[in-house]
>>> print(open('entry.cif').read())   # mmCIF, C-alpha atoms and all ligand atoms
data_entry
loop_
_atom_site.label_atom_id
_atom_site.label_comp_id
_atom_site.auth_asym_id
_atom_site.auth_seq_id
_atom_site.Cartn_x
_atom_site.Cartn_y
_atom_site.Cartn_z
CA MET A 15 13.12 -49.76 -83.91
CA ALA A 16 15.62 -47.63 -82.03
CA LYS A 17 19.27 -48.45 -82.45
CA GLN A 18 22.45 -47.04 -81.10
CA THR A 19 25.09 -45.68 -83.54
CA LYS A 20 28.36 -43.91 -83.13
CA THR A 21 27.15 -40.72 -84.84
CA LYS A 22 27.67 -37.61 -82.66
CA GLY A 23 24.47 -35.57 -82.31
CA TYR A 24 21.98 -33.87 -80.05
CA CYS A 25 19.01 -35.13 -78.02
CA SER A 26 15.84 -34.26 -79.98
CA PHE A 27 14.01 -33.54 -76.70
CA CYS A 28 16.35 -31.48 -74.48
CA GLY A 29 18.99 -30.60 -77.09
CA CYS A 30 21.94 -31.75 -75.01
CA PRO A 31 24.97 -32.93 -77.00
CA GLU A 32 26.08 -36.52 -76.98
CA THR A 33 29.03 -37.25 -74.72
CA LYS A 34 31.06 -40.34 -74.00
CA GLU A 35 29.43 -40.69 -70.59
CA GLU A 36 25.89 -40.15 -71.94
CA PRO A 37 25.51 -41.65 -75.41
CA LEU A 38 22.26 -41.04 -77.31
CA ILE A 39 19.78 -43.59 -78.56
CA TYR A 40 19.06 -42.92 -82.23
CA GLY A 41 15.76 -43.45 -83.99
CA PHE A 42 14.92 -42.90 -87.69
CA SER A 43 14.65 -39.14 -87.41
CA GLY A 44 15.96 -38.16 -84.01
CA ALA A 45 17.76 -39.17 -80.87
CA ILE A 46 17.09 -39.28 -77.15
CA CYS A 47 19.45 -38.93 -74.22
CA ASP A 48 19.52 -41.10 -71.13
CA THR A 49 17.83 -38.50 -68.92
CA CYS A 50 14.95 -37.88 -71.34
CA ALA A 51 14.48 -41.62 -71.90
CA LYS A 52 14.15 -42.13 -68.15
CA ALA A 53 11.67 -39.24 -67.87
CA ALA A 54 9.61 -40.72 -70.73
CA LEU A 55 9.59 -44.10 -69.07
CA GLN A 56 8.43 -42.55 -65.82
CA LEU A 57 5.64 -40.71 -67.62
CA LEU A 58 4.52 -43.86 -69.41
CA HIS A 59 4.51 -45.73 -66.16
CA GLU A 60 2.40 -43.10 -64.39
CA ASN A 61 -0.14 -42.97 -67.21
CA HIS A 62 -0.33 -46.70 -67.31
CA VAL A 63 -1.01 -46.93 -63.58
CA LYS A 64 -3.71 -44.27 -63.82
CA ALA A 65 -5.39 -45.96 -66.77
CA ALA A 66 -5.30 -49.44 -65.28
CA PRO A 67 -8.65 -50.66 -63.95
CA PRO A 68 -8.56 -50.76 -60.15
CA ALA A 69 -9.75 -54.35 -60.08
CA PRO A 70 -10.93 -57.08 -62.41
CA LYS A 71 -14.26 -56.48 -64.06
CA LEU A 72 -17.32 -57.45 -62.07
CA LYS A 73 -19.84 -59.82 -63.50
CA LEU A 74 -23.13 -58.02 -63.16
CA LEU A 75 -25.87 -60.40 -62.03
CA LYS A 76 -29.37 -59.04 -62.66
CA PRO A 77 -31.83 -59.03 -59.73
CA ALA A 78 -33.87 -61.83 -61.32
CA GLU A 79 -30.73 -63.93 -61.72
CA ILE A 80 -29.72 -63.39 -58.11
CA LYS A 81 -33.20 -64.31 -56.96
CA ALA A 82 -33.30 -67.41 -59.17
CA ARG A 83 -30.12 -68.63 -57.46
CA LEU A 84 -31.61 -67.89 -54.04
CA ASP A 85 -34.73 -69.82 -55.05
CA GLU A 86 -32.64 -72.98 -55.40
CA TYR A 87 -31.93 -72.99 -51.69
CA VAL A 88 -34.39 -70.70 -49.92
CA ILE A 89 -38.07 -71.63 -49.94
CA GLY A 90 -40.67 -68.85 -49.88
CA GLN A 91 -39.55 -65.47 -48.52
CA ASP A 92 -40.18 -63.89 -51.91
CA GLU A 93 -40.29 -60.34 -50.62
CA ALA A 94 -37.00 -60.57 -48.73
CA LYS A 95 -35.30 -62.34 -51.63
CA ARG A 96 -36.42 -59.63 -54.04
CA VAL A 97 -35.27 -56.81 -51.78
CA ILE A 98 -31.87 -58.42 -51.24
CA SER A 99 -31.46 -59.18 -54.95
CA VAL A 100 -32.16 -55.56 -55.87
CA ALA A 101 -29.81 -54.30 -53.16
CA VAL A 102 -26.97 -56.52 -54.29
CA TYR A 103 -27.55 -55.59 -57.95
CA ASN A 104 -27.59 -51.88 -57.10
CA HIS A 105 -24.45 -52.32 -55.09
CA TYR A 106 -22.67 -53.75 -58.15
CA LYS A 107 -24.04 -50.98 -60.35
CA ARG A 108 -22.89 -48.27 -57.95
CA ILE A 109 -19.39 -49.69 -57.95
CA LEU A 110 -19.21 -49.96 -61.74
CA TYR A 111 -20.68 -46.48 -62.12
CA ALA A 112 -18.25 -44.98 -59.62
CA GLU A 113 -15.36 -46.47 -61.61
CA LYS A 114 -16.54 -44.75 -64.78
CA ASN A 115 -17.79 -41.37 -63.53
CA GLU A 116 -15.81 -39.54 -60.99
CA ASN A 117 -17.67 -36.27 -60.56
CA ASP A 118 -21.17 -37.09 -61.65
CA VAL A 119 -24.25 -37.85 -59.56
CA GLU A 120 -23.24 -39.90 -56.58
CA ILE A 121 -25.47 -42.92 -56.01
CA GLU A 122 -25.78 -43.58 -52.32
CA LYS A 123 -25.91 -47.07 -50.94
CA SER A 124 -28.95 -48.54 -49.27
CA ASN A 125 -28.03 -50.70 -46.32
CA ILE A 126 -30.74 -53.20 -45.47
CA ILE A 127 -32.14 -54.60 -42.29
CA MET A 128 -33.89 -57.97 -42.39
CA VAL A 129 -36.24 -59.12 -39.64
CA GLY A 130 -37.78 -62.54 -39.25
CA GLU A 131 -38.51 -65.13 -36.61
CA THR A 132 -35.99 -67.81 -35.77
CA GLY A 133 -35.43 -70.46 -38.43
CA THR A 134 -37.05 -68.59 -41.30
CA GLY A 135 -33.95 -68.39 -43.49
CA LYS A 136 -32.14 -65.14 -42.63
CA THR A 137 -28.70 -66.68 -42.24
CA LEU A 138 -29.41 -69.06 -45.10
CA ILE A 139 -30.07 -66.13 -47.44
CA ALA A 140 -26.75 -64.58 -46.37
CA ARG A 141 -24.80 -67.79 -46.93
CA THR A 142 -26.41 -68.38 -50.30
CA ILE A 143 -25.62 -64.83 -51.43
CA ALA A 144 -22.03 -65.33 -50.28
CA LYS A 145 -21.62 -68.29 -52.60
CA MET A 146 -22.64 -66.42 -55.72
CA LEU A 147 -20.88 -63.08 -55.37
CA ASP A 148 -17.62 -61.97 -56.79
CA VAL A 149 -17.22 -59.11 -54.36
CA PRO A 150 -15.73 -59.86 -50.94
CA PHE A 151 -18.43 -60.88 -48.51
CA CYS A 152 -18.38 -61.74 -44.83
CA ILE A 153 -20.92 -62.72 -42.23
CA VAL A 154 -20.30 -61.47 -38.71
CA ASP A 155 -22.22 -62.18 -35.56
CA ALA A 156 -23.06 -59.02 -33.63
CA THR A 157 -23.14 -60.91 -30.34
CA VAL A 158 -19.33 -61.18 -30.19
CA PHE A 159 -18.77 -57.43 -30.09
CA THR A 160 -18.37 -55.22 -27.08
CA GLN A 161 -17.72 -51.57 -26.64
CA ALA A 162 -14.03 -50.67 -27.05
CA GLY A 163 -12.11 -51.22 -23.85
CA TYR A 164 -14.15 -54.20 -22.65
CA VAL A 165 -13.57 -57.92 -23.03
CA GLY A 166 -14.70 -59.04 -26.45
CA GLU A 167 -14.06 -58.06 -30.04
CA ASP A 168 -13.99 -54.47 -31.30
CA VAL A 169 -16.39 -53.78 -34.15
CA GLU A 170 -13.41 -52.88 -36.34
CA SER A 171 -12.68 -56.58 -36.56
CA ILE A 172 -15.68 -56.76 -38.93
CA LEU A 173 -13.48 -55.01 -41.44
CA SER A 174 -10.57 -57.35 -40.66
CA ARG A 175 -12.80 -60.21 -41.78
CA LEU A 176 -13.74 -58.35 -44.93
CA LEU A 177 -10.07 -57.69 -45.63
CA GLN A 178 -9.40 -61.37 -45.18
CA ALA A 179 -12.18 -62.19 -47.63
CA ALA A 180 -10.53 -59.77 -50.08
CA ASP A 181 -7.07 -61.33 -49.66
CA TYR A 182 -5.97 -58.08 -48.01
CA ASP A 183 -6.63 -56.10 -51.19
CA VAL A 184 -7.95 -52.92 -49.55
CA ALA A 185 -9.57 -51.59 -52.74
CA ARG A 186 -11.56 -54.81 -53.16
CA ALA A 187 -12.57 -54.87 -49.50
CA GLU A 188 -13.83 -51.30 -49.83
CA ARG A 189 -16.52 -52.45 -52.24
CA GLY A 190 -17.52 -55.57 -50.37
CA ILE A 191 -20.66 -56.57 -48.53
CA VAL A 192 -20.90 -57.18 -44.79
CA PHE A 193 -23.72 -59.20 -43.29
CA ILE A 194 -24.25 -58.42 -39.61
CA ASP A 195 -26.24 -61.28 -38.16
CA GLU A 196 -28.10 -61.12 -34.83
CA ILE A 197 -28.07 -57.34 -34.88
CA ASP A 198 -31.10 -57.33 -32.58
CA LYS A 199 -28.83 -58.65 -29.82
CA VAL A 200 -27.09 -55.28 -29.51
CA ALA A 201 -30.35 -53.49 -28.82
CA ARG A 202 -30.31 -51.20 -25.84
CA LYS A 203 -31.10 -53.25 -22.77
CA GLY A 204 -34.25 -51.91 -21.24
CA ALA A 205 -34.98 -49.42 -23.99
CA ASP A 206 -37.69 -48.08 -21.72
CA ASN A 207 -35.38 -47.84 -18.75
CA PRO A 208 -32.96 -44.95 -19.16
CA SER A 209 -31.46 -45.61 -15.73
CA ILE A 210 -29.32 -48.39 -17.17
CA THR A 211 -26.28 -46.38 -18.13
CA ARG A 212 -23.58 -49.02 -18.34
CA ASP A 213 -24.58 -51.03 -21.33
CA VAL A 214 -21.33 -52.48 -22.57
CA SER A 215 -22.68 -54.84 -25.16
CA GLY A 216 -25.64 -52.80 -26.25
CA GLU A 217 -25.58 -49.11 -26.97
CA GLY A 218 -21.78 -48.89 -26.89
CA VAL A 219 -21.56 -51.42 -29.70
CA GLN A 220 -24.25 -49.62 -31.63
CA GLN A 221 -22.30 -46.38 -31.39
CA ALA A 222 -19.22 -48.18 -32.67
CA LEU A 223 -21.19 -49.78 -35.51
CA LEU A 224 -22.49 -46.37 -36.43
CA LYS A 225 -18.95 -45.26 -37.16
CA LEU A 226 -18.50 -48.07 -39.66
CA LEU A 227 -21.86 -47.50 -41.29
CA GLU A 228 -21.35 -43.78 -41.63
CA GLY A 229 -18.86 -44.17 -44.43
CA SER A 230 -15.67 -43.10 -42.80
CA ILE A 231 -12.04 -44.10 -42.85
CA VAL A 232 -11.54 -46.71 -40.19
CA ASN A 233 -8.25 -47.96 -38.76
CA VAL A 234 -8.42 -51.71 -38.95
CA PRO A 235 -6.18 -54.09 -37.04
CA PRO A 236 -5.17 -56.59 -39.75
CA GLN A 237 -5.52 -59.64 -37.52
CA GLY A 238 -8.87 -58.65 -36.01
CA GLY A 239 -9.62 -58.98 -32.32
CA ARG A 240 -8.31 -56.36 -29.96
CA LYS A 241 -6.44 -53.29 -31.02
CA HIS A 242 -2.84 -53.27 -29.87
CA PRO A 243 -0.84 -50.06 -29.92
CA GLU A 244 2.09 -51.82 -31.60
CA GLN A 245 -0.08 -53.19 -34.39
CA GLN A 246 0.12 -51.59 -37.84
CA PHE A 247 -3.33 -50.45 -38.87
CA ILE A 248 -4.79 -50.69 -42.33
CA GLN A 249 -7.03 -47.78 -43.32
CA VAL A 250 -10.32 -48.83 -44.85
CA ASN A 251 -12.90 -46.47 -46.29
CA THR A 252 -16.37 -47.85 -45.57
CA GLN A 253 -18.22 -45.47 -47.85
CA ASN A 254 -18.97 -48.09 -50.50
CA ILE A 255 -19.33 -51.14 -48.31
CA LEU A 256 -22.88 -52.48 -48.26
CA PHE A 257 -24.15 -53.54 -44.84
CA ILE A 258 -27.02 -55.97 -44.37
CA GLY A 259 -28.24 -56.36 -40.81
CA SER A 260 -30.41 -59.24 -39.72
CA GLY A 261 -32.11 -60.44 -36.59
CA ALA A 262 -35.09 -62.24 -35.09
CA PHE A 263 -36.17 -59.20 -33.01
CA ASN A 264 -38.21 -61.33 -30.61
CA ASN A 265 -41.57 -59.83 -29.71
CA LEU A 266 -41.25 -57.13 -32.33
CA ASP A 267 -44.79 -58.09 -33.38
CA HIS A 268 -46.07 -56.67 -30.08
CA ILE A 269 -44.38 -53.36 -30.78
CA ILE A 270 -45.83 -53.32 -34.30
CA ALA A 271 -49.29 -54.18 -33.00
CA GLU A 272 -49.11 -51.35 -30.51
CA ARG A 273 -47.99 -48.84 -33.10
CA MET A 274 -50.64 -49.88 -35.57
CA ASN A 275 -53.36 -49.59 -33.00
CA THR A 276 -52.33 -46.10 -32.04
CA ASN A 277 -51.76 -45.03 -35.60
CA VAL A 278 -55.15 -46.11 -36.84
CA ILE A 279 -56.96 -43.80 -34.44
CA GLY A 280 -58.73 -41.31 -36.57
CA TYR A 281 -58.92 -43.68 -39.51
CA ASN A 282 -61.58 -46.25 -39.88
CA ALA A 283 -59.63 -49.03 -38.22
CA LYS A 284 -62.18 -51.73 -39.05
CA ASN A 285 -61.73 -51.21 -42.76
CA ARG A 286 -58.05 -51.84 -42.62
CA ASN A 287 -57.14 -55.26 -43.77
CA ILE A 288 -54.48 -56.10 -41.25
CA ASP A 289 -53.06 -59.60 -41.34
CA LYS A 290 -52.76 -60.11 -37.58
CA ASP A 291 -50.91 -63.42 -37.92
CA ASN A 292 -48.03 -61.89 -39.80
CA LEU A 293 -47.48 -58.47 -38.31
CA LEU A 294 -43.78 -58.44 -39.15
CA GLN A 295 -44.63 -57.59 -42.75
CA TYR A 296 -45.67 -54.11 -41.54
CA VAL A 297 -42.36 -53.47 -39.77
CA SER A 298 -40.99 -49.94 -39.98
CA LEU A 299 -37.79 -48.31 -38.76
CA GLN A 300 -39.80 -46.79 -35.95
CA ASP A 301 -40.47 -50.28 -34.58
CA ILE A 302 -36.80 -51.18 -34.73
CA LYS A 303 -36.11 -48.01 -32.79
CA SER A 304 -38.70 -48.88 -30.17
CA PHE A 305 -37.04 -52.29 -29.94
CA GLY A 306 -33.84 -50.62 -28.79
CA LEU A 307 -31.68 -49.69 -31.76
CA ILE A 308 -30.49 -46.11 -31.50
CA PRO A 309 -32.12 -43.72 -33.99
CA GLU A 310 -28.83 -42.87 -35.71
CA LEU A 311 -28.22 -46.53 -36.43
CA CYS A 312 -31.79 -47.07 -37.68
CA GLY A 313 -31.27 -44.13 -39.99
CA ARG A 314 -28.33 -45.91 -41.60
CA PHE A 315 -30.57 -48.75 -42.77
CA PRO A 316 -32.95 -47.12 -45.21
CA VAL A 317 -34.35 -50.45 -46.43
CA ILE A 318 -36.19 -52.79 -44.14
CA THR A 319 -37.65 -56.13 -45.09
CA SER A 320 -39.25 -59.01 -43.25
CA LEU A 321 -39.31 -62.77 -43.59
CA ASP A 322 -42.56 -64.67 -43.32
CA LYS A 323 -43.31 -67.19 -40.66
CA LEU A 324 -43.05 -70.61 -42.30
CA ASP A 325 -46.34 -72.52 -42.51
CA ALA A 326 -46.75 -76.30 -42.84
CA ALA A 327 -46.67 -76.20 -46.64
CA ALA A 328 -43.41 -74.23 -46.65
CA LEU A 329 -41.86 -76.51 -44.03
CA LYS A 330 -42.76 -79.56 -46.11
CA GLN A 331 -41.14 -78.02 -49.15
CA ILE A 332 -38.04 -77.15 -47.15
CA LEU A 333 -37.82 -80.74 -45.99
CA ILE A 334 -37.83 -82.25 -49.47
CA GLN A 335 -37.22 -79.69 -52.19
CA PRO A 336 -34.08 -77.50 -52.00
CA LYS A 337 -30.80 -78.71 -53.51
CA ASN A 338 -29.56 -79.66 -50.07
CA ALA A 339 -32.95 -80.51 -48.50
CA LEU A 340 -32.73 -82.48 -45.26
CA VAL A 341 -34.35 -85.57 -46.72
CA LYS A 342 -31.86 -85.50 -49.61
CA GLN A 343 -29.01 -85.21 -47.13
CA PHE A 344 -30.11 -88.29 -45.20
CA VAL A 345 -30.72 -90.28 -48.39
CA LYS A 346 -27.15 -89.41 -49.40
CA LEU A 347 -25.75 -90.39 -46.00
CA PHE A 348 -27.34 -93.84 -46.25
CA ASP A 349 -26.42 -94.13 -49.90
CA LEU A 350 -22.76 -93.80 -48.94
CA ASP A 351 -23.21 -97.03 -46.96
CA GLY A 352 -24.96 -98.68 -49.90
CA ILE A 353 -28.40 -98.42 -48.29
CA GLN A 354 -31.43 -97.12 -50.17
CA LEU A 355 -33.39 -94.84 -47.84
CA THR A 356 -36.94 -93.66 -48.53
CA PHE A 357 -39.43 -91.58 -46.54
CA ASP A 358 -43.16 -92.32 -46.77
CA ASP A 359 -45.38 -89.31 -47.41
CA GLU A 360 -47.17 -89.81 -44.09
CA ALA A 361 -43.84 -89.77 -42.26
CA ILE A 362 -42.93 -86.50 -43.96
CA ASP A 363 -46.28 -85.00 -42.92
CA TYR A 364 -45.69 -86.17 -39.36
CA ILE A 365 -42.29 -84.47 -39.24
CA VAL A 366 -43.84 -81.24 -40.55
CA GLU A 367 -46.64 -81.42 -38.00
CA LYS A 368 -44.12 -81.76 -35.17
CA ALA A 369 -42.06 -78.87 -36.55
CA VAL A 370 -45.13 -76.64 -36.58
CA GLU A 371 -45.73 -77.54 -32.92
CA LEU A 372 -42.12 -76.74 -32.02
CA ASN A 373 -42.49 -73.24 -33.48
CA LEU A 374 -38.80 -72.93 -34.31
CA GLY A 375 -39.32 -72.48 -38.04
CA ALA A 376 -37.25 -74.77 -40.20
CA ARG A 377 -34.78 -75.08 -37.35
CA GLY A 378 -37.09 -77.65 -35.74
CA LEU A 379 -37.02 -79.93 -38.79
CA ARG A 380 -33.43 -80.99 -38.36
CA SER A 381 -33.74 -81.88 -34.68
CA ILE A 382 -36.88 -83.92 -35.35
CA VAL A 383 -35.38 -85.82 -38.28
CA GLU A 384 -32.18 -86.44 -36.30
CA LYS A 385 -34.25 -87.92 -33.45
CA ILE A 386 -36.11 -90.19 -35.85
CA MET A 387 -32.98 -91.33 -37.66
CA THR A 388 -30.49 -91.80 -34.80
CA ASN A 389 -31.18 -95.49 -34.15
CA ALA A 390 -31.22 -96.35 -37.84
CA MET A 391 -27.95 -94.49 -38.37
CA TYR A 392 -26.43 -96.46 -35.52
CA GLU A 393 -27.66 -99.89 -36.56
CA PHE A 394 -27.75 -99.96 -40.33
CA PRO A 395 -24.06 -99.61 -41.19
CA SER A 396 -23.30 -102.85 -39.31
CA SER A 397 -26.28 -104.78 -40.71
CA ASN A 398 -26.49 -106.27 -44.16
CA LYS A 399 -29.79 -104.64 -45.03
CA LYS A 400 -29.81 -102.80 -48.34
CA SER A 401 -32.91 -100.63 -47.94
CA MET A 402 -34.80 -98.75 -45.29
CA SER A 403 -38.19 -97.12 -45.45
CA ILE A 404 -39.25 -94.53 -42.89
CA THR A 405 -42.94 -95.17 -42.33
CA LEU A 406 -45.31 -93.09 -40.21
CA LYS A 407 -45.26 -95.81 -37.57
CA TYR A 408 -41.47 -95.90 -37.40
CA ALA A 409 -41.17 -92.09 -37.34
CA LYS A 410 -43.71 -91.80 -34.54
CA GLU A 411 -42.12 -94.56 -32.48
CA GLN A 412 -38.64 -93.15 -32.74
CA PHE A 413 -39.68 -89.56 -32.10
CA GLU A 414 -41.87 -90.36 -29.11
CA HIS A 415 -39.19 -92.64 -27.69
CA SER A 416 -36.59 -89.87 -27.89
CA ILE A 417 -38.93 -87.37 -26.28
CA PHE A 418 -39.72 -89.87 -23.55
CA LYS A 419 -36.00 -90.35 -22.90
CA PHE A 420 -35.57 -86.59 -22.80
CA LEU A 421 -38.36 -86.14 -20.24
CA ASN A 422 -37.01 -88.81 -17.92
N1 LIG B 501 -36.91 -70.44 -46.16
C1 LIG B 501 -36.11 -71.51 -46.00
N2 LIG B 501 -35.85 -72.34 -47.03
C2 LIG B 501 -35.03 -73.42 -46.87
N3 LIG B 501 -34.45 -73.75 -45.73
C3 LIG B 501 -34.66 -72.96 -44.66
C4 LIG B 501 -35.49 -71.80 -44.74
N4 LIG B 501 -35.52 -71.21 -43.55
C5 LIG B 501 -34.72 -71.94 -42.76
N5 LIG B 501 -34.21 -73.00 -43.41
C6 LIG B 501 -33.31 -74.01 -42.83
O1 LIG B 501 -33.45 -73.96 -41.41
C7 LIG B 501 -32.22 -73.84 -40.74
C8 LIG B 501 -32.15 -72.53 -39.97
O2 LIG B 501 -32.23 -71.43 -40.89
P1 LIG B 501 -31.45 -70.06 -40.69
O3 LIG B 501 -30.16 -70.35 -40.02
O4 LIG B 501 -31.41 -69.34 -41.96
O5 LIG B 501 -32.43 -69.36 -39.67
P2 LIG B 501 -32.44 -67.85 -39.15
O6 LIG B 501 -33.58 -67.17 -39.77
O7 LIG B 501 -31.10 -67.27 -39.36
O8 LIG B 501 -32.76 -68.08 -37.61
P3 LIG B 501 -32.14 -67.41 -36.28
O9 LIG B 501 -32.87 -66.14 -36.06
O10 LIG B 501 -32.45 -68.42 -35.22
O11 LIG B 501 -30.67 -67.24 -36.52
C9 LIG B 501 -31.16 -73.96 -41.81
O12 LIG B 501 -30.70 -75.27 -41.82
C10 LIG B 501 -31.86 -73.66 -43.10
O13 LIG B 501 -31.34 -74.46 -44.12
MG MG B 502 -29.53 -66.80 -38.09
#
>>> encode(input="entry.cif", output="structure tokens")
Amino acid sequence: MAKQTKTKGYCSFCGCPETKEEPLIYGFSGAICDTCAKAALQLLHENHVKAAPPAPKLKLLKPAEIKARLDEYVIGQDEAKRVISVAVYNHYKRILYAEKNENDVEIEKSNIIMVGETGTGKTLIARTIAKMLDVPFCIVDATVFTQAGYVGEDVESILSRLLQAADYDVARAERGIVFIDEIDKVARKGADNPSITRDVSGEGVQQALLKLLEGSIVNVPPQGGRKHPEQQFIQVNTQNILFIGSGAFNNLDHIIAERMNTNVIGYNAKNRNIDKDNLLQYVSLQDIKSFGLIPELCGRFPVITSLDKLDAAALKQILIQPKNALVKQFVKLFDLDGIQLTFDDEAIDYIVEKAVELNLGARGLRSIVEKIMTNAMYEFPSSNKKSMSITLKYAKEQFEHSIFKFLN
């Protein structure tokens, strides 16, 4: 323990003599002057800062663990869930690896693009992932962006959201994940019609997105929205940010069909086992390009995966099985009023059958169930009934009545 004495001596580090103005601090076998003590403190401080981990340790979830969590909420879509789980896991690994090895092999990120018809679970997968991650994550809707200089949001505001999700800790934001939903909506309008040159919300936005995806330093307005000259920008390096794009890409199956027909010329086309009802599973970046995404942007999404169209069996499962399945939600709603609600099997099958007809994936389920339940939800809380059973007859009556009202 250092202590100060009145003994006159010399600093053991710089050799300066002790003076009245600058007394020495004495240890067991030496002394230090004020100036050297300050320099030592500074050195310690610098080393400490360098050695400190840049952020708290990440909990590494294995792909199978990520997928198991997705399975609790998302029915089917095994392929997409596996691809996303691996991508998220690799993203974590890259970050941890980059923290340990500065000049070794650089692992590049693999942005993903996810295609699937409406109501098949694209946004649901994103939301479920968001709940389980401990890296900043944000979901942005590509439809709100316009080319810089036009009314709408600049794409840089994507990074503002990520910063927000990271509590404005830039280092954390720089290793986050961004989910760009509805990316198909910024496709070039009239991809086959080069005469359309002013395409404010299409190609211009894609060019701007490209800048983010390229891994560059981007000036981000902290509050999002429009850039104002008087605003202080925050610089964000996008090199390690993982981007997942997603969209329904309506009619992409036609593009795929066309490509596959042309490509099989020269092969024995008849021997190819093509599943014509689910062409999306054969999607390639070339198809996305034909759809109207610029080649440079396609090139920034090396991984592409598709979601399956949901069949009756999957829709039935979605209706009753997940943690927050629709049927469970309605049972809970009634339970809060002290009413025991049950659905007969035939009624469930009827709802599924109608959802298949609607062709809106699982999106149709909610609107059908709402139609069937509206009257009951209105009447039951003021009645003294304690139970309610949704039979096939009741479901049919209510649904047909609501459709009838709608048509008239
Ligand atoms: N595979 C699935 N498993 C469980 N629920 C699903 C699944 N797919 C869709 N749903 C349910 O259907 C609704 C719509 O799903 P979601 O928003 O994920 O569709 P989407 O694929 O993003 O469609 P869109 O292209 O129209 O945005 C949600 O309420 C969701 O819970
Ligand atoms: Mg969606």
>>> atom_distance(input="entry.cif", atom1="CA of Leu176 (chain A)", atom2="atom N1 of ligand LIG 501 (chain B)")
26.2 Å
>>> residues_around(input="entry.cif", residues="Ala201 (chain A)", least_positions_apart="6", cutoff="6 Å", atoms="all atoms listed in the file", output="list in words")
Gly216, Gly306 and Leu307 of chain A
>>> write_last_selection(input="entry.cif", atoms="C-alpha atoms", output="tab-separated table (two decimals), in the frame of the given file")
chain	number	residue	atom	x	y	z
A	216	GLY	CA	-25.64	-52.80	-26.25
A	306	GLY	CA	-33.84	-50.62	-28.79
A	307	LEU	CA	-31.68	-49.69	-31.76
>>> atom_distance(input="entry.cif", atom1="CA of Phe151 (chain A)", atom2="CA of Ala185 (chain A)")
13.5 Å
>>> atom_distance(input="entry.cif", atom1="CA of Ala187 (chain A)", atom2="CA of Ala156 (chain A)")
19.5 Å
>>> residues_around(input="entry.cif", residues="region 301-305 of chain A", least_positions_apart="3", cutoff="7 Å", atoms="all atoms listed in the file", output="list of chain:residue names")
A:Ala201, A:Ala205, A:Leu266, A:Ile269, A:Ile270, A:Val297, A:Ser298, A:Ile308, A:Pro309, A:Cys312
>>> residues_around(input="entry.cif", residues="Glu393 (chain A)", least_positions_apart="4", cutoff="12 Å", atoms="all atoms listed in the file", output="JSON, numbers by chain")
{"A": [348, 351, 353, 387, 388, 389, 397, 398, 399, 402]}
>>> write_last_selection(input="entry.cif", atoms="C-alpha atoms", output="CSV table (one decimal), keeping the file's coordinate frame")
chain,number,residue,atom,x,y,z
A,348,PHE,CA,-27.3,-93.8,-46.2
A,351,ASP,CA,-23.2,-97.0,-47.0
A,353,ILE,CA,-28.4,-98.4,-48.3
A,387,MET,CA,-33.0,-91.3,-37.7
A,388,THR,CA,-30.5,-91.8,-34.8
A,389,ASN,CA,-31.2,-95.5,-34.2
A,397,SER,CA,-26.3,-104.8,-40.7
A,398,ASN,CA,-26.5,-106.3,-44.2
A,399,LYS,CA,-29.8,-104.6,-45.0
A,402,MET,CA,-34.8,-98.8,-45.3
>>> residues_near_ligand(input="entry.cif", ligand="ligand LIG 501 (chain B)", cutoff="7 Å", atoms="all atoms listed in the file", output="JSON, numbers by chain")
{"A": [87, 88, 89, 90, 91, 130, 131, 132, 133, 134, 135, 136, 137, 138, 139, 196, 261, 262, 332, 336, 375, 376, 377]}
>>> residues_around(input="entry.cif", residues="Lys368 (chain A)", least_positions_apart="6", cutoff="9 Å", atoms="only C-alpha atoms", output="mmCIF file with C-alpha atoms, in the coordinates of the input")
data_model
loop_
_atom_site.group_PDB
_atom_site.id
_atom_site.type_symbol
_atom_site.label_atom_id
_atom_site.label_comp_id
_atom_site.auth_asym_id
_atom_site.auth_seq_id
_atom_site.Cartn_x
_atom_site.Cartn_y
_atom_site.Cartn_z
ATOM 1 C CA GLY A 378 -37.090 -77.650 -35.740
ATOM 2 C CA LEU A 379 -37.020 -79.930 -38.790
ATOM 3 C CA ILE A 382 -36.880 -83.920 -35.350
#
>>> closest_residue(input="entry.cif", among="A:Asp195, A:Glu371, A:Asp168, A:Glu414", to="Val154 (chain A)", atoms="only C-alpha atoms")
A:Asp195
>>> residues_around(input="entry.cif", residues="Ile98 (chain A)", least_positions_apart="5", cutoff="12 Å", atoms="all atoms listed in the file", output="ChimeraX atom specification")
/A:76-81,84,91-93,103-105,124-128,136,139-140,142-143,191,193,256-260,317-321
>>> closest_residue(input="entry.cif", among="A:Val158, A:Val149, A:Ala45, A:Val219", to="Cys25 (chain A)", atoms="all atoms listed in the file")
A:Ala45
>>> closest_residue(input="entry.cif", among="A:Cys50, A:Ile197, A:Ser99, A:Leu58", to="ligand MG 502 (chain B)", atoms="only C-alpha atoms and all ligand atoms")
A:Ile197
>>> closest_residue(input="entry.cif", among="A:Lys400, A:Lys342, A:Lys199, A:Lys407", to="ligand MG 502 (chain B)", atoms="all atoms listed in the file")
A:Lys199
